[in-house]
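Enquirer: Below is data.txt; it holds compact mmCIF, C-alpha atoms.
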# COMPACT_ATOMS: atom_id res chain seq x y z
CA MET A 1 -53.00 11.52 59.51
CA LYS A 2 -49.32 12.53 59.31
CA ARG A 3 -48.35 9.26 60.97
CA ILE A 4 -50.33 7.27 58.38
CA ILE A 5 -48.67 9.15 55.52
CA TYR A 6 -45.22 8.62 57.08
CA PHE A 7 -45.61 4.85 57.32
CA ALA A 8 -47.12 4.69 53.83
CA VAL A 9 -44.05 6.43 52.38
CA TYR A 10 -41.74 4.23 54.45
CA ALA A 11 -43.49 1.07 53.22
CA LEU A 12 -43.18 2.29 49.65
CA PHE A 13 -39.41 2.58 49.92
CA VAL A 14 -39.09 -0.83 51.58
CA PHE A 15 -41.20 -2.34 48.79
CA THR A 16 -39.15 -0.56 46.11
CA SER A 17 -35.92 -1.88 47.63
CA PHE A 18 -37.35 -5.42 47.62
CA ILE A 19 -38.50 -5.18 43.98
CA TRP A 20 -35.12 -4.02 42.74
CA GLY A 21 -33.37 -6.75 44.73
CA GLN A 22 -30.88 -4.37 46.28
CA ARG A 23 -29.30 -4.83 49.68
CA ASN A 24 -29.72 -1.95 52.10
CA VAL A 25 -26.34 -2.41 53.76
CA ILE A 26 -24.66 0.03 56.11
CA ILE A 27 -21.03 -0.38 57.11
CA LEU A 28 -19.76 0.63 60.53
CA PRO A 29 -16.11 1.43 61.22
CA LYS A 30 -14.62 -0.03 64.36
CA LYS A 31 -13.67 3.54 65.31
CA PHE A 32 -15.45 6.69 64.14
CA SER A 33 -13.17 9.37 62.68
CA ASP A 34 -13.54 11.91 65.51
CA PHE A 35 -12.99 9.38 68.30
CA LYS A 36 -9.80 7.97 69.78
CA THR A 37 -10.74 4.36 70.52
CA GLU A 38 -12.95 1.59 69.15
CA ASN A 39 -16.57 1.74 70.29
CA GLN A 40 -15.85 4.80 72.42
CA PHE A 41 -18.84 5.70 74.63
CA ASN A 42 -20.53 2.57 73.18
CA LEU A 43 -21.46 4.55 70.04
CA ASN A 44 -20.58 1.86 67.49
CA TYR A 45 -22.69 -0.73 69.27
CA LEU A 46 -25.59 1.73 69.69
CA SER A 47 -25.39 2.57 65.98
CA LYS A 48 -25.59 -1.08 64.98
CA LEU A 49 -28.63 -1.70 67.17
CA ALA A 50 -30.43 1.46 66.02
CA LEU A 51 -29.89 0.80 62.30
CA GLU A 52 -30.83 -2.87 62.51
CA ARG A 53 -34.00 -1.82 64.31
CA ARG A 54 -34.77 0.37 61.28
CA GLY A 55 -34.47 -2.65 58.98
CA PHE A 56 -30.95 -2.27 57.57
CA GLU A 57 -28.22 -4.88 57.20
CA VAL A 58 -25.33 -3.61 59.29
CA TYR A 59 -21.76 -4.94 59.26
CA TYR A 60 -18.58 -3.77 60.89
CA GLU A 61 -15.97 -2.97 58.26
CA ASN A 62 -13.97 -6.10 59.05
CA GLU A 63 -17.03 -8.38 58.82
CA ILE A 64 -18.44 -7.54 55.38
CA PRO A 65 -19.34 -10.79 53.53
CA LYS A 66 -16.91 -11.40 50.68
CA ASP A 67 -19.66 -11.68 48.06
CA TYR A 68 -20.78 -8.14 48.97
CA LEU A 69 -17.40 -6.57 48.25
CA ILE A 70 -17.71 -6.51 44.45
CA ASN A 71 -20.63 -4.08 44.81
CA ARG A 72 -19.10 -2.07 47.63
CA CYS A 73 -20.44 1.15 46.10
CA ASP A 74 -24.02 -0.04 46.66
CA MET A 75 -23.44 0.36 50.41
CA LEU A 76 -23.30 3.35 52.73
CA THR A 77 -20.86 3.90 55.59
CA LEU A 78 -21.91 5.61 58.81
CA ASP A 79 -19.60 8.09 60.46
CA ILE A 80 -20.26 10.21 63.55
CA GLN A 81 -18.92 13.74 63.76
CA ASP A 82 -18.16 15.06 67.24
CA GLN A 83 -19.11 18.75 67.41
CA SER A 84 -19.03 19.02 71.20
CA GLY A 85 -18.08 22.25 72.95
CA SER A 86 -17.03 23.17 76.47
CA PHE A 87 -20.49 22.90 78.00
CA SER A 88 -22.39 20.43 75.83
CA CYS A 89 -22.01 17.24 73.82
CA ALA A 90 -23.06 17.47 70.16
CA LEU A 91 -23.06 14.73 67.50
CA VAL A 92 -23.99 14.50 63.82
CA LEU A 93 -24.53 11.17 62.01
CA GLN A 94 -23.24 11.16 58.44
CA PHE A 95 -23.84 8.56 55.73
CA LYS A 96 -21.07 8.39 53.13
CA ASP A 97 -20.73 6.62 49.78
CA CYS A 98 -17.73 4.56 48.67
CA THR A 99 -15.85 7.70 47.59
CA ASN A 100 -16.20 9.11 51.13
CA GLN A 101 -18.71 11.77 50.05
CA VAL A 102 -21.47 12.65 52.53
CA VAL A 103 -24.86 11.87 50.95
CA LEU A 104 -27.08 12.27 54.03
CA GLU A 105 -26.69 13.55 57.57
CA SER A 106 -28.77 13.86 60.70
CA GLU A 107 -29.67 16.93 62.68
CA ILE A 108 -27.34 17.79 65.57
CA GLY A 109 -28.01 15.75 68.69
CA LYS A 110 -27.11 17.53 71.92
CA SER A 111 -26.82 16.84 75.64
CA ARG A 112 -25.65 18.86 78.65
CA GLU A 113 -25.18 15.87 80.94
CA LYS A 114 -21.91 16.00 82.89
CA ASP A 115 -21.29 12.27 82.63
CA PHE A 116 -19.53 11.81 79.28
CA LYS A 117 -20.92 8.37 78.43
CA LEU A 118 -24.47 9.40 79.27
CA ALA A 119 -24.08 12.67 77.37
CA TYR A 120 -22.80 10.99 74.21
CA ASN A 121 -25.54 8.36 74.40
CA GLN A 122 -28.24 11.01 74.74
CA ALA A 123 -26.79 13.09 71.91
CA PHE A 124 -26.62 10.01 69.69
CA ARG A 125 -30.25 9.06 70.33
CA GLN A 126 -31.42 12.60 69.61
CA ALA A 127 -29.46 12.72 66.34
CA GLU A 128 -30.62 9.22 65.34
CA LYS A 129 -34.27 10.09 65.95
CA SER A 130 -34.01 12.97 63.47
CA LEU A 131 -33.31 10.55 60.61
CA ILE A 132 -36.28 9.69 58.42
CA GLU A 133 -36.12 6.14 57.00
CA PRO A 134 -37.45 7.04 53.52
CA LEU A 135 -34.58 9.50 53.06
CA ILE A 136 -32.03 6.79 53.83
CA PHE A 137 -33.75 4.24 51.60
CA ASP A 138 -33.84 6.89 48.87
CA GLN A 139 -30.05 7.12 48.98
CA PHE A 140 -29.78 3.35 48.50
CA GLU A 141 -32.17 3.57 45.55
CA LYS A 142 -29.96 6.27 43.97
CA LEU A 143 -26.82 4.21 44.55
CA TYR A 144 -28.46 1.11 43.15
CA GLN A 145 -29.63 2.87 39.99
CA LYS A 146 -26.20 4.45 39.53
CA ASN A 147 -24.24 1.24 40.05
CA LYS A 148 -26.75 -1.32 38.74
CA VAL A 149 -25.10 -4.20 36.88
CA LEU A 150 -26.51 -7.33 35.27
CA SER A 151 -26.22 -10.63 37.07
CA PRO A 152 -23.08 -12.43 35.88
CA LYS A 153 -23.72 -15.18 33.32
CA GLU A 154 -20.58 -17.06 34.31
CA THR A 155 -18.80 -17.56 37.59
CA THR A 156 -15.37 -17.84 35.92
CA PRO A 157 -13.99 -14.34 35.27
CA THR A 158 -13.03 -13.34 31.73
CA VAL A 159 -9.41 -12.14 31.77
CA VAL A 160 -8.95 -8.81 29.98
CA HIS A 161 -5.41 -8.58 28.59
CA ASN A 162 -4.28 -4.96 28.61
CA ASP A 163 -0.77 -3.56 28.43
CA ILE A 164 0.39 -3.75 32.04
CA GLU A 165 2.17 -0.60 33.15
CA ILE A 166 3.49 0.02 36.63
CA LEU A 167 1.08 1.93 38.84
CA TYR A 168 2.35 3.68 41.96
CA ALA A 169 0.34 3.57 45.19
CA GLN A 170 -0.17 6.87 47.03
CA PRO A 171 -1.89 6.78 50.44
CA ILE A 172 -5.32 8.41 50.70
CA GLU A 173 -7.94 8.24 53.43
CA ASN A 174 -8.94 4.59 53.95
CA GLY A 175 -6.77 3.30 51.10
CA PHE A 176 -4.61 4.29 48.11
CA GLN A 177 -4.81 5.95 44.73
CA LEU A 178 -2.87 4.19 41.97
CA ILE A 179 -1.21 6.57 39.52
CA ASP A 180 0.68 6.04 36.27
CA ALA A 181 3.84 7.85 35.12
CA THR A 182 1.89 10.86 33.75
CA PRO A 183 0.90 11.13 36.67
CA LYS A 184 -2.78 10.23 36.28
CA ILE A 185 -5.04 8.53 38.82
CA VAL A 186 -6.06 5.16 37.34
CA TYR A 187 -7.63 3.47 40.37
CA LYS A 188 -8.79 4.36 43.85
CA ILE A 189 -8.72 1.41 46.21
CA TYR A 190 -10.07 1.12 49.75
CA TYR A 191 -9.25 -1.19 52.64
CA THR A 192 -11.40 -4.20 53.56
CA SER A 193 -11.03 -6.67 56.42
CA GLN A 194 -8.85 -8.84 54.13
CA LYS A 195 -5.21 -7.76 53.72
CA GLU A 196 -5.07 -8.68 50.03
CA ILE A 197 -8.56 -7.55 49.00
CA PHE A 198 -9.50 -3.92 48.33
CA THR A 199 -12.68 -2.39 47.00
CA ALA A 200 -11.70 -0.52 43.84
CA ILE A 201 -12.94 2.16 41.44
CA LYS A 202 -11.57 2.71 37.92
CA ASN A 203 -13.25 5.63 36.18
CA ASP A 204 -16.95 4.87 36.87
CA GLN A 205 -16.39 1.10 37.15
CA GLN A 206 -16.58 -0.40 40.64
CA GLY A 207 -15.19 -3.76 41.66
CA ILE A 208 -12.56 -5.36 43.86
CA LEU A 209 -8.77 -5.57 43.70
CA LEU A 210 -7.36 -8.87 44.93
CA LYS A 211 -4.07 -10.71 44.93
CA ASN A 212 -3.71 -14.19 43.45
CA ASN A 213 -0.37 -15.99 43.10
CA ASN A 214 1.53 -12.73 43.69
CA GLN A 215 -0.42 -10.96 40.92
CA TRP A 216 -2.99 -8.23 41.56
CA PHE A 217 -6.27 -8.34 39.61
CA PHE A 218 -9.15 -5.89 39.23
CA GLU A 219 -12.44 -7.80 39.06
CA TYR A 220 -15.70 -6.15 38.04
CA ALA A 221 -19.08 -6.92 36.46
CA LYS A 222 -19.77 -5.75 32.91
CA ASP A 223 -22.22 -6.87 30.20
CA GLY A 224 -23.45 -9.71 32.39
CA GLU A 225 -19.96 -11.16 32.95
CA ILE A 226 -17.22 -10.91 35.55
CA LYS A 227 -14.12 -9.30 34.00
CA LYS A 228 -10.62 -9.66 35.40
CA GLU A 229 -7.75 -7.27 34.62
CA PRO A 230 -4.16 -7.83 35.81
CA VAL A 231 -2.72 -4.79 37.61
CA ASN A 232 0.99 -4.10 38.28
CA ILE A 233 1.31 -2.11 41.52
CA LYS A 234 4.34 -0.68 43.30
CA PHE A 235 3.43 0.03 46.93
What does this structure look like when you write it as structure tokens?
Expert:
Amino acid sequence: MKRIIYFAVYALFVFTSFIWGQRNVIILPKKFSDFKTENQFNLNYLSKLALERRGFEVYYENEIPKDYLINRCDMLTLDIQDQSGSFSCALVLQFKDCTNQVVLESEIGKSREKDFKLAYNQAFRQAEKSLIEPLIFDQFEKLYQKNKVLSPKETTPTVVHNDIEILYAQPIENGFQLIDATPKIVYKIYYTSQKEIFTAIKNDQQGILLKNNNQWFFEYAKDGEIKKEPVNIKF
């Protein structure tokens, strides 16, 4: 009976995601924050396989399709926290939003195997099994409702002409914050696979920051149109 209820709830969330037209996309870093090298202990590859098996679209951070970037805040990023001690391997899977806040995490997966690779693989599988799909889909539903925008009526952006002041870039985790002379944080921008394209947040408005003919622009969707604001940045 419990199994029937579980799959009924799961199906409901899949159906809801389809109706709203949202993409259930999870981004994987090439290297998790607590690890020294890319795909250490094969964890990044295992994560991709496990999440795709659960029905999610999964992209490494340098492979995100360009047309997805404007709604970067509709996606979740997976990170793995290494909580291992002297005698056991312990991992926690964390799902973060575009502001790097943890919105969902797994139970602790543990292993006492002496072989490191085997231990980390076992701990990962135990942590991954503790995740319940409806809870993950629920986070996407919340993100989608929070960040929902109308489909653009035009493909040519409308340029918004504001007074252009110099903004100064200060490094933050995975990107920069752009501050004015006050100093006040005006934008937070985050790296993508493209050198001259960032995902960007200004107040509650999400979009992308890109460079065109040596000029930076903030592009975002509002009132059914794509808006484009010039931005003067001193890195």
Enquirer: Near segment 120-134 of chain A, within 10 Å and counting all atoms listed in the file, which residues show up once chain neighbours fewer than 3 positions away are dropped, as a PyMOL selection string?
Expert: chain A and resi 6-14+40-43+46-47+50-51+54-56+80+82+84+88-93+104-113+115-117+137-140
Enquirer: Around the point (-16.9, -4.1, 53.0) (coordinates from the file), which residues reach within 10 Å if we count all atoms listed in the file? Answer as a PyMOL selection string.
Expert: chain A and resi 25-29+59-73+75-77+98+190-194+197-199
Enquirer: Please produce an output containing C-alpha atoms for each residue in the selection, written as an mmCIF file, in the coordinates of the input.
Expert:
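The resulting file, selection.cif, is shown below:
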data_model
loop_
_atom_site.group_PDB
_atom_site.id
_atom_site.type_symbol
_atom_site.label_atom_id
_atom_site.label_comp_id
_atom_site.auth_asym_id
_atom_site.auth_seq_id
_atom_site.Cartn_x
_atom_site.Cartn_y
_atom_site.Cartn_z
ATOM 1 C CA VAL A 25 -26.340 -2.410 53.760
ATOM 2 C CA ILE A 26 -24.660 0.030 56.110
ATOM 3 C CA ILE A 27 -21.030 -0.380 57.110
ATOM 4 C CA LEU A 28 -19.760 0.630 60.530
ATOM 5 C CA PRO A 29 -16.110 1.430 61.220
ATOM 6 C CA TYR A 59 -21.760 -4.940 59.260
ATOM 7 C CA TYR A 60 -18.580 -3.770 60.890
ATOM 8 C CA GLU A 61 -15.970 -2.970 58.260
ATOM 9 C CA ASN A 62 -13.970 -6.100 59.050
ATOM 10 C CA GLU A 63 -17.030 -8.380 58.820
ATOM 11 C CA ILE A 64 -18.440 -7.540 55.380
ATOM 12 C CA PRO A 65 -19.340 -10.790 53.530
ATOM 13 C CA LYS A 66 -16.910 -11.400 50.680
ATOM 14 C CA ASP A 67 -19.660 -11.680 48.060
ATOM 15 C CA TYR A 68 -20.780 -8.140 48.970
ATOM 16 C CA LEU A 69 -17.400 -6.570 48.250
ATOM 17 C CA ILE A 70 -17.710 -6.510 44.450
ATOM 18 C CA ASN A 71 -20.630 -4.080 44.810
ATOM 19 C CA ARG A 72 -19.100 -2.070 47.630
ATOM 20 C CA CYS A 73 -20.440 1.150 46.100
ATOM 21 C CA MET A 75 -23.440 0.360 50.410
ATOM 22 C CA LEU A 76 -23.300 3.350 52.730
ATOM 23 C CA THR A 77 -20.860 3.900 55.590
ATOM 24 C CA CYS A 98 -17.730 4.560 48.670
ATOM 25 C CA TYR A 190 -10.070 1.120 49.750
ATOM 26 C CA TYR A 191 -9.250 -1.190 52.640
ATOM 27 C CA THR A 192 -11.400 -4.200 53.560
ATOM 28 C CA SER A 193 -11.030 -6.670 56.420
ATOM 29 C CA GLN A 194 -8.850 -8.840 54.130
ATOM 30 C CA ILE A 197 -8.560 -7.550 49.000
ATOM 31 C CA PHE A 198 -9.500 -3.920 48.330
ATOM 32 C CA THR A 199 -12.680 -2.390 47.000
#
Enquirer: Taking (-12.5, -8.6, 42.0) in the file's coordinates, which residues come within 6 Å, counting all atoms listed in the file, written as a PyMOL selection string?
Expert: chain A and resi 207-210+218-220
Enquirer: I need the residues from that last selection saved to file as a PDB file, keeping the file's coordinate frame (with C-alpha atoms), if you can.
Expert:
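The resulting again.pdb:
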ATOM      1  CA  GLY A 207     -15.190  -3.760  41.660  1.00  0.00           C
ATOM      2  CA  ILE A 208     -12.560  -5.360  43.860  1.00  0.00           C
ATOM      3  CA  LEU A 209      -8.770  -5.570  43.700  1.00  0.00           C
ATOM      4  CA  LEU A 210      -7.360  -8.870  44.930  1.00  0.00           C
ATOM      5  CA  PHE A 218      -9.150  -5.890  39.230  1.00  0.00           C
ATOM      6  CA  GLU A 219     -12.440  -7.800  39.060  1.00  0.00           C
ATOM      7  CA  TYR A 220     -15.700  -6.150  38.040  1.00  0.00           C
TER       8      TYR A 220
END
Enquirer: Report the centre and edge lengths, in Å to one decimal, of an axis-aligned box enclosing every atom of segment 85-92 of chain A listed in the file, padded by 8 Å on each side, as AutoDock Vina command-line options.
Expert:
--center_x -20.5 --center_y 18.8 --center_z 70.9 --size_x 23.0 --size_y 24.7 --size_z 30.2
Enquirer: Could you state the separation of atom CA of Phe87 of chain A and atom CA of Asn39 of chain A in Å, given to one decimal place?
Expert: 22.9 Å
Enquirer: To one decimal place in Å, what is the distance between atom CA of Ile185 of chain A and atom CA of Lys96 of chain A?
Expert: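 Computing the Euclidean distance for atom CA of Ile185 of chain A and atom CA of Lys96 of chain A yields 21.5 Å.
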Enquirer: From the options A:Glu38, A:Asp180, A:Asp204, A:Glu165, which residue's atoms come nearest to Asn232 of chain A, counting only C-alpha atoms?
Expert: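 The answer is A:Glu165, which sits nearest to Asn232 of chain A.
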Enquirer: Atom CA of Asn213 of chain A and atom CA of Ala200 of chain A are how many Å apart?
Expert: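 The value is 19.2 Å.
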Enquirer: For Arg23 of chain A, which of A:Ile226, A:Leu143, A:Val103, A:Ile189 is the closest residue, counting only C-alpha atoms?
Expert: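 Looking at the shortest contact to Arg23 of chain A, the residue is A:Leu143.
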Enquirer: So that I can see what lies close to Val186 of chain A, please list as a tab-separated table (two decimals) with C-alpha atoms, in the coordinates of the input the residues with an atom at most 12 Å from it, counting all atoms listed in the file and leaving out residues fewer than 3 positions away in the same chain.
Expert:
chain	number	residue	atom	x	y	z
A	165	GLU	CA	2.17	-0.60	33.15
A	166	ILE	CA	3.49	0.02	36.63
A	167	LEU	CA	1.08	1.93	38.84
A	168	TYR	CA	2.35	3.68	41.96
A	169	ALA	CA	0.34	3.57	45.19
A	170	GLN	CA	-0.17	6.87	47.03
A	176	PHE	CA	-4.61	4.29	48.11
A	177	GLN	CA	-4.81	5.95	44.73
A	178	LEU	CA	-2.87	4.19	41.97
A	179	ILE	CA	-1.21	6.57	39.52
A	180	ASP	CA	0.68	6.04	36.27
A	181	ALA	CA	3.84	7.85	35.12
A	182	THR	CA	1.89	10.86	33.75
A	183	PRO	CA	0.90	11.13	36.67
A	189	ILE	CA	-8.72	1.41	46.21
A	200	ALA	CA	-11.70	-0.52	43.84
A	201	ILE	CA	-12.94	2.16	41.44
A	202	LYS	CA	-11.57	2.71	37.92
A	203	ASN	CA	-13.25	5.63	36.18
A	204	ASP	CA	-16.95	4.87	36.87
A	205	GLN	CA	-16.39	1.10	37.15
A	218	PHE	CA	-9.15	-5.89	39.23
A	231	VAL	CA	-2.72	-4.79	37.61
A	232	ASN	CA	0.99	-4.10	38.28
A	233	ILE	CA	1.31	-2.11	41.52
Enquirer: When you count only C-alpha atoms, which of these residues is closest to Gln94 of chain A: A:Ala221, A:Ile172, A:Val58, A:Ile136?
Expert: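 That would be A:Ile136, the residue with the smallest distance to Gln94 of chain A.
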Enquirer: Which is closer to Leu78 of chain A than all the others in A:Ala119, A:Lys30, A:Pro171, A:Thr37, using all atoms listed in the file?
Expert: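 Among the listed residues, the smallest separation from Leu78 of chain A belongs to A:Lys30.
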